[in-house]
file input32.txt (compact mmCIF, C-alpha atoms and all ligand atoms)
# COMPACT_ATOMS: atom_id res chain seq x y z
CA MET U 1 0.00 0.00 0.00
CA ALA U 2 1.65 3.25 -1.12
CA ARG U 3 0.71 6.81 -0.30
CA ILE U 4 0.92 9.07 -3.33
CA LEU U 5 0.98 12.83 -2.80
CA THR U 6 1.39 15.79 -5.09
CA GLY U 7 0.47 19.47 -5.23
CA ILE U 8 0.00 22.24 -7.78
CA GLN U 9 0.36 25.90 -6.89
CA SER U 10 -2.65 28.18 -7.25
CA THR U 11 -0.83 30.62 -9.48
CA GLY U 12 -2.96 30.19 -12.61
CA VAL U 13 -4.94 27.69 -14.66
CA PRO U 14 -3.00 24.40 -14.79
CA HIS U 15 -1.20 24.22 -18.16
CA LEU U 16 -0.29 21.27 -20.36
CA GLY U 17 3.07 20.87 -18.51
CA ASN U 18 1.26 20.59 -15.15
CA LEU U 19 -1.21 18.10 -16.60
CA LEU U 20 1.32 15.83 -18.30
CA GLY U 21 4.08 16.24 -15.70
CA ALA U 22 2.11 15.76 -12.48
CA LEU U 23 -1.66 15.82 -12.58
CA GLU U 24 -2.33 12.98 -15.03
CA PRO U 25 0.43 10.66 -13.72
CA GLY U 26 -1.01 11.30 -10.23
CA VAL U 27 -4.54 10.43 -11.29
CA LYS U 28 -3.25 7.25 -13.00
CA LEU U 29 -1.47 6.19 -9.79
CA SER U 30 -4.59 7.00 -7.76
CA GLU U 31 -6.53 4.45 -9.81
CA GLN U 32 -4.32 1.56 -8.65
CA LYS U 33 -6.16 -0.36 -5.98
CA ASP U 34 -3.46 -0.40 -3.33
CA ASN U 35 -2.60 3.29 -3.48
CA THR U 36 -3.95 6.13 -1.37
CA ALA U 37 -3.79 9.38 -3.32
CA ILE U 38 -3.49 12.73 -1.57
CA PHE U 39 -3.60 15.70 -3.94
CA PHE U 40 -3.74 19.33 -2.98
CA ILE U 41 -3.76 22.89 -4.16
CA ALA U 42 -0.66 24.64 -2.85
CA ASP U 43 -2.27 27.97 -2.03
CA LEU U 44 0.20 28.81 0.77
CA HIS U 45 3.07 28.41 -1.68
CA SER U 46 1.31 30.72 -4.13
CA LEU U 47 1.58 33.59 -1.63
CA THR U 48 5.35 33.76 -2.22
CA SER U 49 4.58 35.32 -5.60
CA LEU U 50 0.85 36.06 -5.88
CA LYS U 51 -0.57 38.68 -3.53
CA GLU U 52 -4.07 39.35 -4.92
CA PRO U 53 -6.71 37.45 -2.90
CA GLN U 54 -9.30 37.31 -5.69
CA ALA U 55 -6.80 35.89 -8.16
CA ARG U 56 -5.82 33.25 -5.59
CA ILE U 57 -9.46 32.24 -5.09
CA GLU U 58 -10.03 31.92 -8.84
CA ASN U 59 -6.83 29.92 -9.23
CA ILE U 60 -7.76 27.58 -6.37
CA ARG U 61 -11.05 26.91 -8.15
CA SER U 62 -9.31 26.30 -11.38
CA VAL U 63 -6.64 23.92 -10.03
CA ALA U 64 -9.30 21.94 -8.14
CA ALA U 65 -11.52 21.87 -11.25
CA ALA U 66 -8.59 20.53 -13.27
CA TRP U 67 -8.01 17.61 -10.84
CA LEU U 68 -11.71 16.82 -10.91
CA ALA U 69 -12.02 17.21 -14.68
CA CYS U 70 -9.12 14.80 -15.21
CA GLY U 71 -11.04 12.14 -13.33
CA PHE U 72 -9.72 12.22 -9.77
CA ASP U 73 -12.15 10.33 -7.53
CA THR U 74 -12.39 12.36 -4.34
CA HIS U 75 -14.26 9.63 -2.50
CA GLN U 76 -11.48 7.13 -3.09
CA GLY U 77 -8.64 9.65 -2.64
CA ILE U 78 -8.19 13.03 -0.96
CA LEU U 79 -8.29 16.44 -2.65
CA PHE U 80 -7.74 19.40 -0.39
CA ARG U 81 -6.54 22.98 -0.14
CA GLN U 82 -3.16 23.26 1.59
CA SER U 83 -4.25 26.13 3.87
CA ASP U 84 -7.19 24.05 5.14
CA VAL U 85 -4.69 21.93 7.08
CA PRO U 86 -2.87 24.49 9.27
CA GLU U 87 -0.86 21.65 10.86
CA VAL U 88 1.44 22.03 7.87
CA CYS U 89 2.61 25.41 9.17
CA GLU U 90 3.55 23.97 12.54
CA LEU U 91 5.50 21.15 10.91
CA THR U 92 7.22 23.69 8.66
CA TRP U 93 8.57 25.42 11.75
CA TYR U 94 10.01 22.21 13.18
CA LEU U 95 11.61 21.36 9.84
CA ASN U 96 12.96 24.92 9.44
CA CYS U 97 14.97 24.40 12.59
CA PHE U 98 16.75 21.42 11.01
CA ALA U 99 17.20 22.85 7.50
CA PRO U 100 20.77 24.01 6.87
CA PHE U 101 20.88 27.59 5.61
CA PRO U 102 23.25 26.88 2.65
CA MET U 103 20.99 24.08 1.41
CA LEU U 104 18.07 26.51 1.14
CA ALA U 105 20.27 29.22 -0.36
CA ASN U 106 21.18 26.71 -3.08
CA ALA U 107 17.61 25.68 -3.88
CA HIS U 108 16.91 26.69 -7.48
CA SER U 109 13.51 28.18 -6.61
CA PHE U 110 15.30 30.78 -4.47
CA LYS U 111 18.61 31.00 -6.33
CA ASP U 112 17.11 31.69 -9.77
CA LYS U 113 14.63 34.33 -8.61
CA SER U 114 17.02 36.12 -6.27
CA ALA U 115 19.68 36.18 -9.00
CA LYS U 116 17.19 37.58 -11.51
CA GLN U 117 15.33 40.06 -9.29
CA GLY U 118 17.93 40.90 -6.64
CA LEU U 119 17.85 39.92 -2.95
CA SER U 120 15.81 42.96 -1.96
CA GLU U 121 12.97 41.80 -4.22
CA VAL U 122 12.54 38.27 -2.84
CA ASN U 123 10.82 37.34 0.42
CA ALA U 124 11.61 34.90 3.22
CA GLY U 125 8.67 32.74 2.11
CA LEU U 126 10.49 32.08 -1.13
CA PHE U 127 13.63 31.17 0.81
CA THR U 128 11.81 28.60 2.98
CA TYR U 129 9.56 27.44 0.13
CA PRO U 130 11.24 23.99 0.00
CA VAL U 131 10.70 23.53 3.74
CA LEU U 132 6.95 24.10 3.41
CA MET U 133 7.04 21.62 0.57
CA ALA U 134 8.91 19.12 2.76
CA ALA U 135 6.21 19.60 5.42
CA ASP U 136 3.50 18.95 2.79
CA ILE U 137 5.10 15.65 1.97
CA LEU U 138 6.20 14.44 5.42
CA LEU U 139 2.91 15.37 7.11
CA TYR U 140 1.14 12.55 5.27
CA ASP U 141 3.76 9.76 5.53
CA THR U 142 4.10 9.98 1.76
CA ASP U 143 5.87 7.22 -0.16
CA ILE U 144 5.72 8.55 -3.74
CA VAL U 145 5.58 12.08 -5.13
CA PRO U 146 4.71 12.26 -8.86
CA VAL U 147 6.25 15.49 -10.18
CA GLY U 148 8.00 17.06 -13.16
CA LYS U 149 11.79 17.32 -13.26
CA ASP U 150 11.88 20.85 -11.79
CA GLN U 151 10.68 19.51 -8.43
CA ILE U 152 13.29 16.77 -7.98
CA GLN U 153 15.60 19.01 -5.97
CA HIS U 154 12.76 19.78 -3.57
CA ILE U 155 12.16 16.08 -2.93
CA GLU U 156 15.89 15.65 -2.30
CA ILE U 157 15.76 18.50 0.23
CA THR U 158 12.76 16.81 1.87
CA ARG U 159 14.70 13.55 2.16
CA ASP U 160 17.76 15.35 3.55
CA ILE U 161 15.79 17.16 6.27
CA ALA U 162 13.81 14.02 7.17
CA SER U 163 16.93 11.82 7.35
CA SER U 164 18.70 14.32 9.53
CA ILE U 165 15.78 14.42 12.02
CA ASN U 166 15.38 10.63 11.90
CA HIS U 167 19.09 10.28 12.63
CA GLN U 168 18.88 12.53 15.68
CA HIS U 169 15.45 11.61 17.05
CA GLY U 170 14.53 8.13 15.83
CA GLU U 171 12.51 7.00 12.83
CA ILE U 172 9.85 9.72 12.77
CA PHE U 173 9.51 10.28 9.04
CA ILE U 174 9.04 8.12 5.98
CA LEU U 175 11.53 9.04 3.25
CA PRO U 176 9.56 9.85 0.08
CA LYS U 177 10.63 9.13 -3.49
CA ALA U 178 10.06 11.40 -6.48
CA GLN U 179 8.40 9.68 -9.44
CA VAL U 180 9.23 11.47 -12.66
CA GLU U 181 7.90 10.05 -15.92
CA GLU U 182 10.82 10.04 -18.33
CA GLN U 183 8.81 11.21 -21.36
CA VAL U 184 7.11 14.17 -19.70
CA LYS U 185 9.74 15.30 -17.23
CA VAL U 186 10.06 18.63 -19.07
CA VAL U 187 7.14 19.55 -21.33
CA PRO U 188 8.21 22.35 -23.71
CA GLY U 189 6.26 25.59 -24.02
CA ILE U 190 5.44 27.50 -27.19
CA ASP U 191 8.97 28.98 -27.32
CA GLY U 192 10.65 25.58 -26.88
CA GLN U 193 11.81 26.32 -23.30
CA LYS U 194 10.25 24.48 -20.33
CA MET U 195 6.53 25.31 -20.23
CA SER U 196 6.02 27.62 -17.27
CA LYS U 197 3.60 30.32 -16.16
CA SER U 198 6.54 32.55 -15.35
CA TYR U 199 7.89 32.32 -18.92
CA GLY U 200 4.51 33.18 -20.44
CA ASN U 201 4.82 30.23 -22.86
CA THR U 202 2.01 27.98 -21.71
CA ILE U 203 -0.70 26.05 -23.50
CA ASN U 204 -3.93 26.03 -21.52
CA VAL U 205 -6.04 23.11 -22.69
CA PHE U 206 -9.07 24.35 -20.74
CA GLU U 207 -9.15 27.61 -22.64
CA GLU U 208 -11.81 28.63 -25.11
CA GLU U 209 -11.22 26.89 -28.47
CA LYS U 210 -10.20 30.00 -30.41
CA LYS U 211 -7.67 31.11 -27.80
CA LEU U 212 -6.26 27.60 -27.54
CA LYS U 213 -5.79 27.51 -31.32
CA LYS U 214 -4.11 30.89 -31.20
CA SER U 215 -1.56 29.75 -28.61
CA ILE U 216 -0.79 26.65 -30.69
CA ASN U 217 -0.31 28.83 -33.76
CA ARG U 218 2.22 30.87 -31.78
CA ILE U 219 4.54 27.85 -31.26
CA ILE U 220 7.94 28.81 -32.63
CA THR U 221 9.09 26.59 -35.51
CA GLY U 222 11.74 26.58 -38.22
CA SER U 223 11.25 28.68 -41.35
CA GLU U 224 12.03 26.15 -44.08
CA PRO U 225 9.80 26.33 -47.19
CA LEU U 226 6.81 24.01 -47.51
CA GLU U 227 8.55 21.62 -49.96
CA ALA U 228 11.63 21.09 -47.77
CA PRO U 229 11.97 17.94 -45.66
CA LYS U 230 11.97 18.87 -41.96
CA ASN U 231 13.53 17.44 -38.84
CA PRO U 232 10.74 16.43 -36.42
CA ASP U 233 13.13 15.93 -33.51
CA ASN U 234 13.94 19.58 -33.05
CA CYS U 235 10.39 20.81 -33.55
CA THR U 236 8.30 21.77 -30.50
CA VAL U 237 5.04 21.01 -32.36
CA PHE U 238 6.21 17.46 -32.99
CA GLN U 239 7.50 17.06 -29.42
CA LEU U 240 4.15 18.10 -27.98
CA TYR U 241 2.25 15.86 -30.40
CA SER U 242 4.48 12.93 -29.35
CA LEU U 243 3.34 13.37 -25.75
CA LEU U 244 -0.32 13.05 -26.70
CA ALA U 245 -0.59 10.68 -29.67
CA ASP U 246 -0.09 6.90 -30.03
CA THR U 247 2.92 5.32 -31.73
CA SER U 248 1.39 4.90 -35.17
CA GLU U 249 0.10 8.50 -35.21
CA ILE U 250 3.53 9.74 -34.15
CA ASN U 251 5.19 7.74 -36.94
CA THR U 252 2.76 9.13 -39.52
CA LEU U 253 3.58 12.70 -38.50
CA ARG U 254 7.31 11.92 -38.39
CA ASN U 255 7.18 10.65 -41.98
CA ALA U 256 5.25 13.72 -43.13
CA TYR U 257 8.01 15.94 -41.71
CA LEU U 258 10.75 13.87 -43.31
CA GLU U 259 9.10 13.68 -46.73
CA GLY U 260 8.56 17.41 -47.17
CA ASN U 261 5.65 19.17 -48.84
CA PHE U 262 4.25 19.43 -45.38
CA GLY U 263 4.22 22.79 -43.59
CA TYR U 264 4.39 23.76 -39.93
CA GLY U 265 0.86 25.21 -40.20
CA ALA U 266 -0.48 21.74 -41.04
CA ALA U 267 1.49 20.23 -38.14
CA LYS U 268 -0.01 22.80 -35.77
CA GLN U 269 -3.51 21.97 -37.00
CA ILE U 270 -2.87 18.27 -36.32
CA LEU U 271 -1.60 19.10 -32.82
CA PHE U 272 -4.63 21.30 -32.15
CA GLU U 273 -7.01 18.52 -33.23
CA LYS U 274 -5.20 16.00 -31.03
CA ILE U 275 -5.49 18.28 -27.99
CA MET U 276 -9.19 18.85 -28.67
CA GLU U 277 -9.73 15.09 -29.03
CA LYS U 278 -7.75 14.09 -25.93
CA TYR U 279 -9.19 16.79 -23.70
CA GLU U 280 -12.76 16.87 -25.04
CA VAL U 281 -14.28 15.31 -21.91
CA PRO U 282 -12.00 17.05 -19.37
CA ARG U 283 -12.74 20.40 -21.06
CA GLN U 284 -16.48 19.89 -20.67
CA LYS U 285 -16.14 18.72 -17.08
CA TYR U 286 -13.80 21.61 -16.25
CA MET U 287 -16.35 24.09 -17.51
CA THR U 288 -19.14 22.46 -15.51
CA PHE U 289 -17.08 22.56 -12.31
CA MET U 290 -16.03 26.16 -12.88
CA GLN U 291 -19.69 27.11 -13.25
CA ASN U 292 -20.49 25.32 -9.98
CA PRO U 293 -17.91 26.47 -7.42
CA GLU U 294 -20.12 25.05 -4.64
CA SER U 295 -19.43 21.53 -5.91
CA ILE U 296 -15.68 22.26 -5.79
CA GLU U 297 -15.94 23.67 -2.27
CA THR U 298 -17.87 20.56 -1.14
CA ALA U 299 -15.15 18.31 -2.56
CA LEU U 300 -12.45 20.38 -0.80
CA ARG U 301 -14.26 20.28 2.55
CA LEU U 302 -14.51 16.51 2.34
CA GLY U 303 -10.79 16.44 1.56
CA GLN U 304 -9.96 18.75 4.44
CA ASP U 305 -11.52 16.40 7.01
CA LYS U 306 -9.73 13.37 5.64
CA ALA U 307 -6.38 15.18 5.27
CA ARG U 308 -6.46 16.59 8.79
CA ALA U 309 -7.04 13.15 10.25
CA TYR U 310 -3.78 11.94 8.67
CA ALA U 311 -1.94 15.17 9.49
CA THR U 312 -2.78 15.31 13.19
CA SER U 313 -1.62 11.77 13.82
CA VAL U 314 1.76 12.41 12.15
CA LEU U 315 2.15 15.76 13.87
CA ASP U 316 1.48 14.18 17.29
CA ARG U 317 4.31 11.76 16.58
CA VAL U 318 6.65 14.65 15.69
CA ARG U 319 5.69 16.75 18.72
CA GLU U 320 6.32 13.86 21.06
CA ALA U 321 9.69 13.02 19.51
CA LEU U 322 10.86 16.63 19.75
CA GLY U 323 9.66 17.20 23.33
CA PHE U 324 6.61 19.37 22.73
CA GLY U 325 3.30 18.82 24.50
CA SER U 326 2.58 17.40 27.94
CA ILE U 327 5.37 17.59 30.53
CA ILE U 328 4.07 14.69 32.60
P1 LIG U 401 3.99 23.85 -9.83
O1 LIG U 401 2.68 24.39 -9.42
O2 LIG U 401 5.00 24.75 -10.39
O3 LIG U 401 3.79 22.67 -10.85
C1 LIG U 401 2.92 21.58 -10.55
C2 LIG U 401 3.50 20.29 -11.14
O4 LIG U 401 3.64 20.43 -12.55
C3 LIG U 401 4.97 20.04 -12.94
N1 LIG U 401 5.36 20.85 -14.10
C4 LIG U 401 5.88 20.33 -15.21
N2 LIG U 401 6.14 19.06 -15.56
C5 LIG U 401 6.68 18.87 -16.79
N3 LIG U 401 6.93 19.88 -17.67
C6 LIG U 401 6.67 21.17 -17.36
N4 LIG U 401 6.90 22.14 -18.23
C7 LIG U 401 6.12 21.44 -16.06
N5 LIG U 401 5.76 22.59 -15.42
C8 LIG U 401 5.30 22.20 -14.20
C9 LIG U 401 5.83 20.38 -11.72
O5 LIG U 401 7.04 19.65 -11.75
C10 LIG U 401 4.92 19.98 -10.60
O6 LIG U 401 5.03 18.59 -10.35
N6 LIG U 401 6.35 23.30 -5.50
C11 LIG U 401 5.38 22.71 -6.36
C12 LIG U 401 4.02 22.53 -5.70
C13 LIG U 401 4.09 21.73 -4.44
C14 LIG U 401 4.28 20.33 -4.32
C15 LIG U 401 4.27 20.06 -2.93
C16 LIG U 401 4.47 19.31 -5.26
C17 LIG U 401 3.96 22.25 -3.19
N7 LIG U 401 4.08 21.23 -2.29
C18 LIG U 401 4.45 18.76 -2.46
C19 LIG U 401 4.63 18.03 -4.76
C20 LIG U 401 4.63 17.75 -3.39
C21 LIG U 401 5.20 23.63 -7.56
O7 LIG U 401 5.48 24.78 -7.52
O8 LIG U 401 4.63 23.04 -8.61
call {"tool": "encode", "arguments": {"input": "input32.txt", "output": "structure tokens", "more": "lines below"}}
Ligand code: TYM
result
Amino acid sequence: MARILTGIQSTGVPHLGNLLGALEPGVKLSEQKDNTAIFFIADLHSLTSLKEPQARIENIRSVAAAWLACGFDTHQGILFRQSDVPEVCELTWYLNCFAPFPMLANAHSFKDKSAKQGLSEVNAGLFTYPVLMAADILLYDTDIVPVGKDQIQHIEITRDIASSINHQHGEIFILPKAQVEEQVKVVPGIDGQKMSKSYGNTINVFEEEKKLKKSINRIITGSEPLEAPKNPDNCTVFQLYSLLADTSEINTLRNAYLEGNFGYGAAKQILFEKIMEKYEVPRQKYMTFMQNPESIETALRLGQDKARAYATSVLDRVREALGFGSII
């Protein structure tokens, strides 16, 4: 029996990279009989960058709607909002006191932003971001964390902090493992770099059809003439298609590239149709959930109760091991 846990920040509508890198692999794992899946919306993490309350609320809705639209069964598993389990903040404090300063200073989430924006522009929340993430994971005795490649370092930090506490205070924590699907560890965005909200290069499959088509048409490609044979392996359109289509469809598109007389516009159309086909049902469900925020809130409340039951029992174990609580 394995506990599977993953989270998505409430910083926007989940994009294709979030879906392929974490959300869909998570839902697949949740369908295996022996697994317990614990998925959440990382709204506390979002505060490191997003300050507008209304935007956060809308994003929480939209991340929850995406989990639900992709088929997560909230009666079998647990879907909750991170801030609904305040125990995570207490655990973060304990973990903070065991997290070496240089390890956090080296975390890419902090290093990249502070290098780009300057130290005066980043906040302490961003610095301790990986510790809150470690608390998310350790609070539920998690075995497996399905994530994209960019989160591997955070899981390593989690393991380092947990091992250090286990070493000093006995076996309190389970050491989690990252599960990164080789094929989708870095989904490219429309400019060929890693797809990311902060790069403004995302494809949002839940978007209105016209806008979705427009973002696919903006994918940067080569500029060879129509007749010229083209190399599929360095084309973002082909790479994205390969993540969605089956082997024979991928081979058909590969051959069209190699033979020539096939333009990037046609390739984009094929990618667009594939996205519409694959996400037809999730798109409809997403819209229905977004129009019924009460149903989302009900699902989150159910998740909160279940998540807190797990969290309090682990936190009691930590408090006792560290000498907090009753003195008799
Ligand atoms: P976030 O919100 O940036 O991304 C959510 C998940 O999507 C994956 N991902 C990608 N995978 C492949 N290709 C991409 N282009 C791509 N972009 C994003 C991320 O790797 C991630 O798995 N810190 C986390 C949220 C978090 C969390 C946790 C995750 C908070 N606590 C505990 C797991 C366990 C984050 O910012 O993810």
call {"tool": "residues_around", "arguments": {"input": "input32.txt", "residues": "Val281 (chain U)", "least_positions_apart": "2", "cutoff": "12 Å", "atoms": "only C-alpha atoms", "output": "list of chain:residue names"}}
result
U:Ala66, U:Leu68, U:Ala69, U:Cys70, U:Gly71, U:Val205, U:Phe206, U:Ile275, U:Met276, U:Glu277, U:Lys278, U:Tyr279, U:Arg283, U:Gln284, U:Lys285, U:Tyr286, U:Met287, U:Thr288
call {"tool": "closest_residue", "arguments": {"input": "input32.txt", "among": "U:Ala178, U:Val187, U:Met1, U:Val122", "to": "ligand LIG 401 (chain U)", "atoms": "only C-alpha atoms and all ligand atoms"}}
result
U:Val187
call {"tool": "atom_distance", "arguments": {"input": "input32.txt", "atom1": "CA of Glu294 (chain U)", "atom2": "CA of Lys210 (chain U)"}}
result
28.1 Å
call {"tool": "residues_near_point", "arguments": {"input": "input32.txt", "point": "(3.1, 10.1, 5.6)", "cutoff": "9 Å", "atoms": "only C-alpha atoms", "output": "list in words"}}
result
Arg3, Ile137, Leu138, Leu139, Tyr140, Asp141, Thr142, Asp143, Phe173, Ile174, Leu175, Pro176, Tyr310, Ala311 and Val314 of chain U
call {"tool": "write_last_selection", "arguments": {"input": "input32.txt", "atoms": "C-alpha atoms", "output": "tab-separated table (two decimals), in the frame of the given file"}}
result
chain	number	residue	atom	x	y	z
U	3	ARG	CA	0.71	6.81	-0.30
U	137	ILE	CA	5.10	15.65	1.97
U	138	LEU	CA	6.20	14.44	5.42
U	139	LEU	CA	2.91	15.37	7.11
U	140	TYR	CA	1.14	12.55	5.27
U	141	ASP	CA	3.76	9.76	5.53
U	142	THR	CA	4.10	9.98	1.76
U	143	ASP	CA	5.87	7.22	-0.16
U	173	PHE	CA	9.51	10.28	9.04
U	174	ILE	CA	9.04	8.12	5.98
U	175	LEU	CA	11.53	9.04	3.25
U	176	PRO	CA	9.56	9.85	0.08
U	310	TYR	CA	-3.78	11.94	8.67
U	311	ALA	CA	-1.94	15.17	9.49
U	314	VAL	CA	1.76	12.41	12.15
call {"tool": "residues_near_point", "arguments": {"input": "input32.txt", "point": "(7.3, 21.9, -41.7)", "cutoff": "12 Å", "atoms": "only C-alpha atoms", "output": "NGL selection string"}}
result
:U and (220-238 or 253-269)
call {"tool": "atom_distance", "arguments": {"input": "input32.txt", "atom1": "CA of Arg81 (chain U)", "atom2": "CA of Ser313 (chain U)"}}
result
18.6 Å
call {"tool": "closest_residue", "arguments": {"input": "input32.txt", "among": "U:Ile78, U:Ile152, U:Ala65, U:Met133", "to": "ligand LIG 401 (chain U)", "atoms": "all atoms listed in the file"}}
result
U:Met133
call {"tool": "axis_aligned_box", "arguments": {"input": "input32.txt", "around": "region 94-103 of chain U", "padding_each_side": "5 Å", "output": "AutoDock Vina command-line options"}}
result
--center_x 16.6 --center_y 24.5 --center_z 7.3 --size_x 23.2 --size_y 16.2 --size_z 21.8
call {"tool": "decode", "arguments": {"input": "input32.txt", "residues": "region 68-150 of chain U", "atoms": "C-alpha atoms", "output": "mmCIF file, in the first residue's frame"}}
result
data_model
loop_
_atom_site.group_PDB
_atom_site.id
_atom_site.type_symbol
_atom_site.label_atom_id
_atom_site.label_comp_id
_atom_site.auth_asym_id
_atom_site.auth_seq_id
_atom_site.Cartn_x
_atom_site.Cartn_y
_atom_site.Cartn_z
ATOM 1 C CA LEU U 68 -11.708 16.817 -10.905
ATOM 2 C CA ALA U 69 -12.016 17.207 -14.683
ATOM 3 C CA CYS U 70 -9.121 14.801 -15.214
ATOM 4 C CA GLY U 71 -11.045 12.136 -13.330
ATOM 5 C CA PHE U 72 -9.725 12.224 -9.767
ATOM 6 C CA ASP U 73 -12.149 10.333 -7.534
ATOM 7 C CA THR U 74 -12.389 12.364 -4.344
ATOM 8 C CA HIS U 75 -14.263 9.625 -2.499
ATOM 9 C CA GLN U 76 -11.476 7.131 -3.091
ATOM 10 C CA GLY U 77 -8.640 9.648 -2.638
ATOM 11 C CA ILE U 78 -8.195 13.028 -0.958
ATOM 12 C CA LEU U 79 -8.295 16.437 -2.654
ATOM 13 C CA PHE U 80 -7.742 19.404 -0.386
ATOM 14 C CA ARG U 81 -6.539 22.976 -0.137
ATOM 15 C CA GLN U 82 -3.160 23.255 1.588
ATOM 16 C CA SER U 83 -4.249 26.133 3.868
ATOM 17 C CA ASP U 84 -7.186 24.053 5.141
ATOM 18 C CA VAL U 85 -4.685 21.934 7.084
ATOM 19 C CA PRO U 86 -2.871 24.486 9.271
ATOM 20 C CA GLU U 87 -0.861 21.648 10.862
ATOM 21 C CA VAL U 88 1.441 22.026 7.865
ATOM 22 C CA CYS U 89 2.614 25.413 9.173
ATOM 23 C CA GLU U 90 3.555 23.970 12.535
ATOM 24 C CA LEU U 91 5.505 21.153 10.914
ATOM 25 C CA THR U 92 7.224 23.689 8.657
ATOM 26 C CA TRP U 93 8.571 25.424 11.749
ATOM 27 C CA TYR U 94 10.011 22.208 13.177
ATOM 28 C CA LEU U 95 11.612 21.359 9.837
ATOM 29 C CA ASN U 96 12.962 24.923 9.442
ATOM 30 C CA CYS U 97 14.975 24.401 12.594
ATOM 31 C CA PHE U 98 16.751 21.416 11.013
ATOM 32 C CA ALA U 99 17.198 22.848 7.495
ATOM 33 C CA PRO U 100 20.770 24.008 6.873
ATOM 34 C CA PHE U 101 20.885 27.594 5.606
ATOM 35 C CA PRO U 102 23.245 26.876 2.653
ATOM 36 C CA MET U 103 20.994 24.076 1.413
ATOM 37 C CA LEU U 104 18.073 26.514 1.138
ATOM 38 C CA ALA U 105 20.275 29.221 -0.356
ATOM 39 C CA ASN U 106 21.180 26.710 -3.081
ATOM 40 C CA ALA U 107 17.611 25.683 -3.877
ATOM 41 C CA HIS U 108 16.909 26.687 -7.477
ATOM 42 C CA SER U 109 13.507 28.177 -6.611
ATOM 43 C CA PHE U 110 15.304 30.776 -4.473
ATOM 44 C CA LYS U 111 18.610 31.004 -6.334
ATOM 45 C CA ASP U 112 17.113 31.689 -9.766
ATOM 46 C CA LYS U 113 14.626 34.330 -8.607
ATOM 47 C CA SER U 114 17.024 36.120 -6.269
ATOM 48 C CA ALA U 115 19.684 36.184 -8.998
ATOM 49 C CA LYS U 116 17.191 37.584 -11.507
ATOM 50 C CA GLN U 117 15.325 40.063 -9.294
ATOM 51 C CA GLY U 118 17.925 40.900 -6.637
ATOM 52 C CA LEU U 119 17.851 39.922 -2.953
ATOM 53 C CA SER U 120 15.814 42.956 -1.957
ATOM 54 C CA GLU U 121 12.975 41.800 -4.224
ATOM 55 C CA VAL U 122 12.540 38.271 -2.840
ATOM 56 C CA ASN U 123 10.822 37.344 0.420
ATOM 57 C CA ALA U 124 11.610 34.903 3.221
ATOM 58 C CA GLY U 125 8.672 32.744 2.105
ATOM 59 C CA LEU U 126 10.487 32.077 -1.133
ATOM 60 C CA PHE U 127 13.627 31.168 0.815
ATOM 61 C CA THR U 128 11.807 28.600 2.980
ATOM 62 C CA TYR U 129 9.563 27.445 0.129
ATOM 63 C CA PRO U 130 11.241 23.987 0.000
ATOM 64 C CA VAL U 131 10.696 23.525 3.745
ATOM 65 C CA LEU U 132 6.950 24.105 3.411
ATOM 66 C CA MET U 133 7.035 21.622 0.566
ATOM 67 C CA ALA U 134 8.909 19.122 2.763
ATOM 68 C CA ALA U 135 6.213 19.599 5.416
ATOM 69 C CA ASP U 136 3.502 18.953 2.789
ATOM 70 C CA ILE U 137 5.099 15.649 1.968
ATOM 71 C CA LEU U 138 6.196 14.444 5.420
ATOM 72 C CA LEU U 139 2.908 15.370 7.109
ATOM 73 C CA TYR U 140 1.139 12.545 5.267
ATOM 74 C CA ASP U 141 3.759 9.762 5.529
ATOM 75 C CA THR U 142 4.101 9.984 1.762
ATOM 76 C CA ASP U 143 5.870 7.222 -0.159
ATOM 77 C CA ILE U 144 5.722 8.549 -3.735
ATOM 78 C CA VAL U 145 5.578 12.083 -5.129
ATOM 79 C CA PRO U 146 4.707 12.260 -8.856
ATOM 80 C CA VAL U 147 6.248 15.492 -10.183
ATOM 81 C CA GLY U 148 7.999 17.064 -13.161
ATOM 82 C CA LYS U 149 11.785 17.323 -13.263
ATOM 83 C CA ASP U 150 11.878 20.852 -11.793
#
